[in-house]
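For reference, target_30.pdb (PDB, C-alpha atoms):
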```
ATOM      1  CA  MET A   1       0.000   0.000   0.000
ATOM      2  CA  GLU A   2       1.386   3.394  -0.921
ATOM      3  CA  ARG A   3       2.325   5.908   1.756
ATOM      4  CA  SER A   4       0.900   9.375   1.488
ATOM      5  CA  THR A   5       0.932  12.693   3.236
ATOM      6  CA  ASP A   6      -1.780  13.125   5.809
ATOM      7  CA  TYR A   7      -4.534  15.588   5.087
ATOM      8  CA  ILE A   8      -5.969  18.116   7.517
ATOM      9  CA  ILE A   9      -9.730  18.604   7.650
ATOM     10  CA  LYS A  10     -10.879  22.054   8.769
ATOM     11  CA  SER A  11     -14.453  22.945   9.589
ATOM     12  CA  PHE A  12     -15.452  26.614   9.816
ATOM     13  CA  LYS A  13     -18.591  28.471  10.790
ATOM     14  CA  HIS A  14     -20.344  30.843   8.386
ATOM     15  CA  ASP A  15     -18.590  33.893   9.869
ATOM     16  CA  GLY A  16     -15.184  32.375   9.078
ATOM     17  CA  HIS A  17     -14.072  31.271  12.529
ATOM     18  CA  LEU A  18     -12.629  27.805  13.002
ATOM     19  CA  HIS A  19     -15.120  25.262  14.296
ATOM     20  CA  ARG A  20     -12.970  22.109  14.449
ATOM     21  CA  MET A  21      -9.832  20.656  12.875
ATOM     22  CA  TRP A  22      -8.754  17.026  12.448
ATOM     23  CA  TYR A  23      -4.990  16.826  12.064
ATOM     24  CA  SER A  24      -4.218  13.476  10.498
ATOM     25  CA  ASN A  25      -6.402  11.882   7.808
ATOM     26  CA  TRP A  26      -5.325   9.487   5.076
ATOM     27  CA  LEU A  27      -6.891  10.100   1.675
ATOM     28  CA  ILE A  28      -7.780   6.827  -0.030
ATOM     29  CA  PRO A  29      -6.026   6.922  -3.430
ATOM     30  CA  GLU A  30      -8.486   7.224  -6.291
ATOM     31  CA  LYS A  31      -7.375   3.898  -7.766
ATOM     32  CA  PHE A  32      -8.611   2.138  -4.589
ATOM     33  CA  LEU A  33     -12.047   3.780  -4.496
ATOM     34  CA  HIS A  34     -15.098   1.647  -5.093
ATOM     35  CA  PRO A  35     -16.386   2.409  -8.645
ATOM     36  CA  GLU A  36     -19.583   3.968  -7.291
ATOM     37  CA  HIS A  37     -17.533   6.333  -5.107
ATOM     38  CA  ALA A  38     -15.071   7.080  -7.909
ATOM     39  CA  SER A  39     -17.950   7.907 -10.278
ATOM     40  CA  GLU A  40     -18.947  10.739  -7.913
ATOM     41  CA  SER A  41     -15.319  11.850  -7.403
ATOM     42  CA  MET A  42     -15.681  11.291  -3.660
ATOM     43  CA  PHE A  43     -12.858  12.121  -1.321
ATOM     44  CA  VAL A  44     -12.626   9.288   1.208
ATOM     45  CA  LEU A  45     -10.413   9.856   4.245
ATOM     46  CA  VAL A  46      -9.624   7.561   7.169
ATOM     47  CA  ASN A  47      -8.324   8.385  10.607
ATOM     48  CA  SER A  48      -7.967   6.735  13.979
ATOM     49  CA  LYS A  49      -6.822   8.305  17.194
ATOM     50  CA  THR A  50      -6.151  11.596  15.464
ATOM     51  CA  LYS A  51      -5.674  14.857  17.326
ATOM     52  CA  ILE A  52      -8.618  17.253  17.083
ATOM     53  CA  LEU A  53      -8.555  20.994  17.762
ATOM     54  CA  GLU A  54     -11.757  22.695  18.928
ATOM     55  CA  ALA A  55     -12.619  26.370  18.309
ATOM     56  CA  ASP A  56     -11.888  27.188  21.959
ATOM     57  CA  GLY A  57      -8.313  25.869  21.627
ATOM     58  CA  ARG A  58      -8.986  22.604  23.455
ATOM     59  CA  GLU A  59      -7.277  19.575  21.900
ATOM     60  CA  TRP A  60      -8.238  15.945  22.292
ATOM     61  CA  VAL A  61      -7.633  12.627  20.543
ATOM     62  CA  SER A  62     -10.428  10.674  18.880
ATOM     63  CA  LYS A  63     -11.086   7.264  20.392
ATOM     64  CA  ILE A  64     -12.575   5.418  17.431
ATOM     65  CA  PRO A  65     -11.716   4.969  13.760
ATOM     66  CA  VAL A  66     -13.521   7.175  11.271
ATOM     67  CA  VAL A  67     -14.066   7.047   7.511
ATOM     68  CA  SER A  68     -15.163  10.408   6.094
ATOM     69  CA  PHE A  69     -16.828  10.981   2.733
ATOM     70  CA  PHE A  70     -16.854  14.311   0.900
ATOM     71  CA  ILE A  71     -18.787  14.523  -2.354
ATOM     72  CA  PRO A  72     -17.862  17.531  -4.509
ATOM     73  CA  GLY A  73     -20.792  19.889  -4.992
ATOM     74  CA  GLU A  74     -22.938  18.369  -2.227
ATOM     75  CA  TRP A  75     -24.062  20.411   0.792
ATOM     76  CA  TYR A  76     -23.274  17.691   3.317
ATOM     77  CA  ASN A  77     -20.522  15.323   4.334
ATOM     78  CA  ILE A  78     -20.658  11.903   5.906
ATOM     79  CA  VAL A  79     -18.560  10.615   8.775
ATOM     80  CA  ALA A  80     -18.762   6.872   9.427
ATOM     81  CA  LEU A  81     -17.899   6.151  13.069
ATOM     82  CA  LEU A  82     -16.671   2.575  13.484
ATOM     83  CA  GLU A  83     -18.064   1.790  16.931
ATOM     84  CA  SER A  84     -18.193  -1.509  18.791
ATOM     85  CA  THR A  85     -21.970  -1.675  18.203
ATOM     86  CA  GLY A  86     -21.652  -1.075  14.454
ATOM     87  CA  ILE A  87     -21.225   1.864  12.116
ATOM     88  CA  ARG A  88     -22.923   5.100  13.109
ATOM     89  CA  TYR A  89     -23.083   7.643  10.292
ATOM     90  CA  TYR A  90     -22.754  11.211  11.571
ATOM     91  CA  CYS A  91     -23.601  13.615   8.772
ATOM     92  CA  ASN A  92     -22.968  17.338   8.697
ATOM     93  CA  ILE A  93     -25.053  19.683   6.620
ATOM     94  CA  ALA A  94     -22.213  21.786   5.246
ATOM     95  CA  SER A  95     -20.932  23.647   2.246
ATOM     96  CA  PRO A  96     -19.276  21.580  -0.460
ATOM     97  CA  VAL A  97     -15.729  20.628   0.451
ATOM     98  CA  TYR A  98     -12.840  22.693  -0.869
ATOM     99  CA  LYS A  99      -9.503  20.940  -1.344
ATOM    100  CA  SER A 100      -6.297  22.962  -1.415
ATOM    101  CA  GLY A 101      -3.049  21.033  -1.231
ATOM    102  CA  GLN A 102      -3.270  18.723   1.776
ATOM    103  CA  VAL A 103      -6.153  20.614   3.416
ATOM    104  CA  MET A 104      -9.876  19.959   3.061
ATOM    105  CA  THR A 105     -12.208  22.727   4.262
ATOM    106  CA  TYR A 106     -15.926  23.273   4.555
ATOM    107  CA  ILE A 107     -18.436  25.472   6.377
ATOM    108  CA  ASP A 108     -20.531  23.669   8.978
ATOM    109  CA  TYR A 109     -24.173  24.781   8.952
ATOM    110  CA  ASP A 110     -25.069  23.251  12.324
ATOM    111  CA  LEU A 111     -27.673  20.693  11.248
ATOM    112  CA  ASP A 112     -26.552  17.122  11.794
ATOM    113  CA  VAL A 113     -28.198  13.863  10.842
ATOM    114  CA  ILE A 114     -27.316  10.541  12.449
ATOM    115  CA  LEU A 115     -28.015   7.135  10.951
ATOM    116  CA  ASN A 116     -27.663   4.586  13.757
ATOM    117  CA  PRO A 117     -26.649   0.955  13.195
ATOM    118  CA  SER A 118     -30.313   0.050  13.875
ATOM    119  CA  GLY A 119     -31.371   2.137  10.852
ATOM    120  CA  GLU A 120     -32.933   4.901  12.971
ATOM    121  CA  ILE A 121     -32.417   8.421  11.577
ATOM    122  CA  ASN A 122     -32.185  11.432  13.909
ATOM    123  CA  LEU A 123     -31.985  15.138  13.018
ATOM    124  CA  LEU A 124     -29.930  17.149  15.528
ATOM    125  CA  ASP A 125     -29.207  20.786  16.305
ATOM    126  CA  GLN A 126     -32.247  22.355  14.652
ATOM    127  CA  HIS A 127     -32.295  25.081  17.345
ATOM    128  CA  GLU A 128     -28.590  25.833  16.818
ATOM    129  CA  TYR A 129     -29.194  26.140  13.067
ATOM    130  CA  GLU A 130     -32.118  28.538  13.593
ATOM    131  CA  ARG A 131     -30.070  30.657  16.026
ATOM    132  CA  HIS A 132     -27.019  30.795  13.739
ATOM    133  CA  LYS A 133     -29.185  31.526  10.706
ATOM    134  CA  ILE A 134     -30.088  34.807  12.425
ATOM    135  CA  ASN A 135     -26.747  35.525  14.152
ATOM    136  CA  TYR A 136     -24.605  34.824  11.067
ATOM    137  CA  HIS A 137     -27.117  36.323   8.615
ATOM    138  CA  TYR A 138     -27.450  33.298   6.344
ATOM    139  CA  SER A 139     -28.628  34.512   2.945
ATOM    140  CA  ALA A 140     -31.738  33.099   1.287
ATOM    141  CA  ALA A 141     -29.412  31.277  -1.132
ATOM    142  CA  VAL A 142     -27.510  29.597   1.721
ATOM    143  CA  VAL A 143     -30.759  28.614   3.475
ATOM    144  CA  ALA A 144     -32.030  27.084   0.215
ATOM    145  CA  LYS A 145     -28.748  25.156  -0.276
ATOM    146  CA  VAL A 146     -28.858  23.895   3.339
ATOM    147  CA  GLN A 147     -32.451  22.679   2.932
ATOM    148  CA  ALA A 148     -31.669  21.050  -0.438
ATOM    149  CA  GLY A 149     -28.588  19.400   1.095
ATOM    150  CA  LEU A 150     -30.646  18.026   3.968
ATOM    151  CA  LYS A 151     -33.257  16.655   1.557
ATOM    152  CA  ALA A 152     -30.598  15.047  -0.697
ATOM    153  CA  LEU A 153     -28.809  13.517   2.293
ATOM    154  CA  LEU A 154     -32.013  12.026   3.717
ATOM    155  CA  HIS A 155     -32.835  10.597   0.286
ATOM    156  CA  ARG A 156     -29.391   8.917   0.152
ATOM    157  CA  MET A 157     -29.831   7.541   3.668
ATOM    158  CA  GLU A 158     -33.323   6.192   3.093
ATOM    159  CA  ASN A 159     -32.207   4.459  -0.125
ATOM    160  CA  LYS A 160     -28.943   3.202   1.412
ATOM    161  CA  SER A 161     -27.128   4.827  -1.493
ATOM    162  CA  ALA A 162     -23.390   5.354  -1.500
ATOM    163  CA  PRO A 163     -21.635   5.818   0.820
ATOM    164  CA  PHE A 164     -24.079   4.239   3.304
ATOM    165  CA  GLN A 165     -22.621   0.766   2.766
ATOM    166  CA  ASP A 166     -21.019  -0.742   5.859
ATOM    167  CA  ASP A 167     -18.955  -3.310   3.946
ATOM    168  CA  LEU A 168     -17.224  -0.587   1.915
ATOM    169  CA  VAL A 169     -16.588   1.526   5.015
ATOM    170  CA  TRP A 170     -14.902  -1.459   6.664
ATOM    171  CA  SER A 171     -12.832  -2.157   3.541
ATOM    172  CA  TYR A 172     -11.493   1.417   3.545
ATOM    173  CA  TYR A 173     -10.602   1.087   7.208
ATOM    174  CA  GLU A 174      -8.798  -2.197   6.482
ATOM    175  CA  MET A 175      -6.791  -0.426   3.743
ATOM    176  CA  TRP A 176      -5.802   2.223   6.268
ATOM    177  CA  LYS A 177      -4.718  -0.432   8.778
ATOM    178  CA  ILE A 178      -2.523  -2.092   6.135
ATOM    179  CA  LYS A 179      -0.998   1.277   5.251
ATOM    180  CA  GLU A 180      -0.317   1.999   8.927
ATOM    181  CA  THR A 181       1.111  -1.391   9.875
ATOM    182  CA  GLY A 182       2.487  -2.569   6.551
ATOM    183  CA  VAL A 183       0.789  -5.919   7.141
TER     184      VAL A 183
END
```

Show me, as structure tokens, the structure contained in the file I just sent.
Amino acid sequence: MERSTDYIIKSFKHDGHLHRMWYSNWLIPEKFLHPEHASESMFVLVNSKTKILEADGREWVSKIPVVSFFIPGEWYNIVALLESTGIRYYCNIASPVYKSGQVMTYIDYDLDVILNPSGEINLLDQHEYERHKINYHYSAAVVAKVQAGLKALLHRMENKSAPFQDDLVWSYYEMWKIKETGV
């Protein structure tokens, strides 16, 4: 498995301040992407026990492996959390990802959707979104993109469309483990 430089993922709020940063993420090389993921030009990144910086300056280390999916042009991203009870998909309604060098950035628009291993879907942070919509002066265009992103994400979830496929998430994690250990 080829070695590569780690990528940084940076999440910002609408006003430009840093929300959260993940320091060490391995980008799955395009040649190893599942054809369905490659056809959408997805960026698939894997991390485990990576250092995370919060907006308030607090740093901590993640406890579980994660496979993140960024789909160019889509107003959401998908974070597959590989937990002992199964894969929990934590999805951020966010601006489309922007890749510059070894850094991936996006604007987090507060709304989160979780798909639990049981198949239950939960929408989170509606109040935070409504508060920030006023405080950060989201334009009508941004509000429309956020709502369209939420609708498109829920459609993907309900249809178990890519990347909501546990077997592929596990295969990406296994690739990362081979890259890390050389075994």

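Non-sequential neighbours of Lys145 of chain A (distance at most 9 Å, separation of 5 or more positions within a chain, all atoms listed in the file) are A:Trp75, A:Ser95, A:Ala140, A:Leu150.
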
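Picked by the PyMOL selection byres ((chain A and resi 106) around 9) from the coordinates shown: Ile9, Lys10, Ser11, Phe12, Lys13, Ala94, Ser95, Pro96, Val97, Tyr98, Met104, Thr105, Ile107 and Asp108 of chain A.
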
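Pairwise distance (atom CA of Lys133 of chain A, atom CA of Glu158 of chain A) equals 26.8 Å.
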
Where's the centre, and what are the edge lengths in Å to one decimal, of a box along x, y and z enclosing all listed atoms of segment 35-47 of chain A padded 5 Å per side, as JSON?
```
{"center_x": -14.0, "center_y": 7.3, "center_z": 0.2, "size_x": 21.3, "size_y": 19.7, "size_z": 30.9}
```

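Look at everything within 10 Å of (-23.9, 7.3, 12.3) using all atoms listed in the file, and the residues you get are Ile78, Val79, Ala80, Leu81, Leu82, Glu83, Gly86, Ile87, Arg88, Tyr89, Tyr90, Cys91, Val113, Ile114, Leu115, Asn116, Pro117, Ser118, Gly119, Glu120, Ile121, Asn122 and Phe164 of chain A.
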
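The two atoms in question, atom CA of Glu54 of chain A and atom CA of Ile178 of chain A, are spaced 29.4 Å apart.
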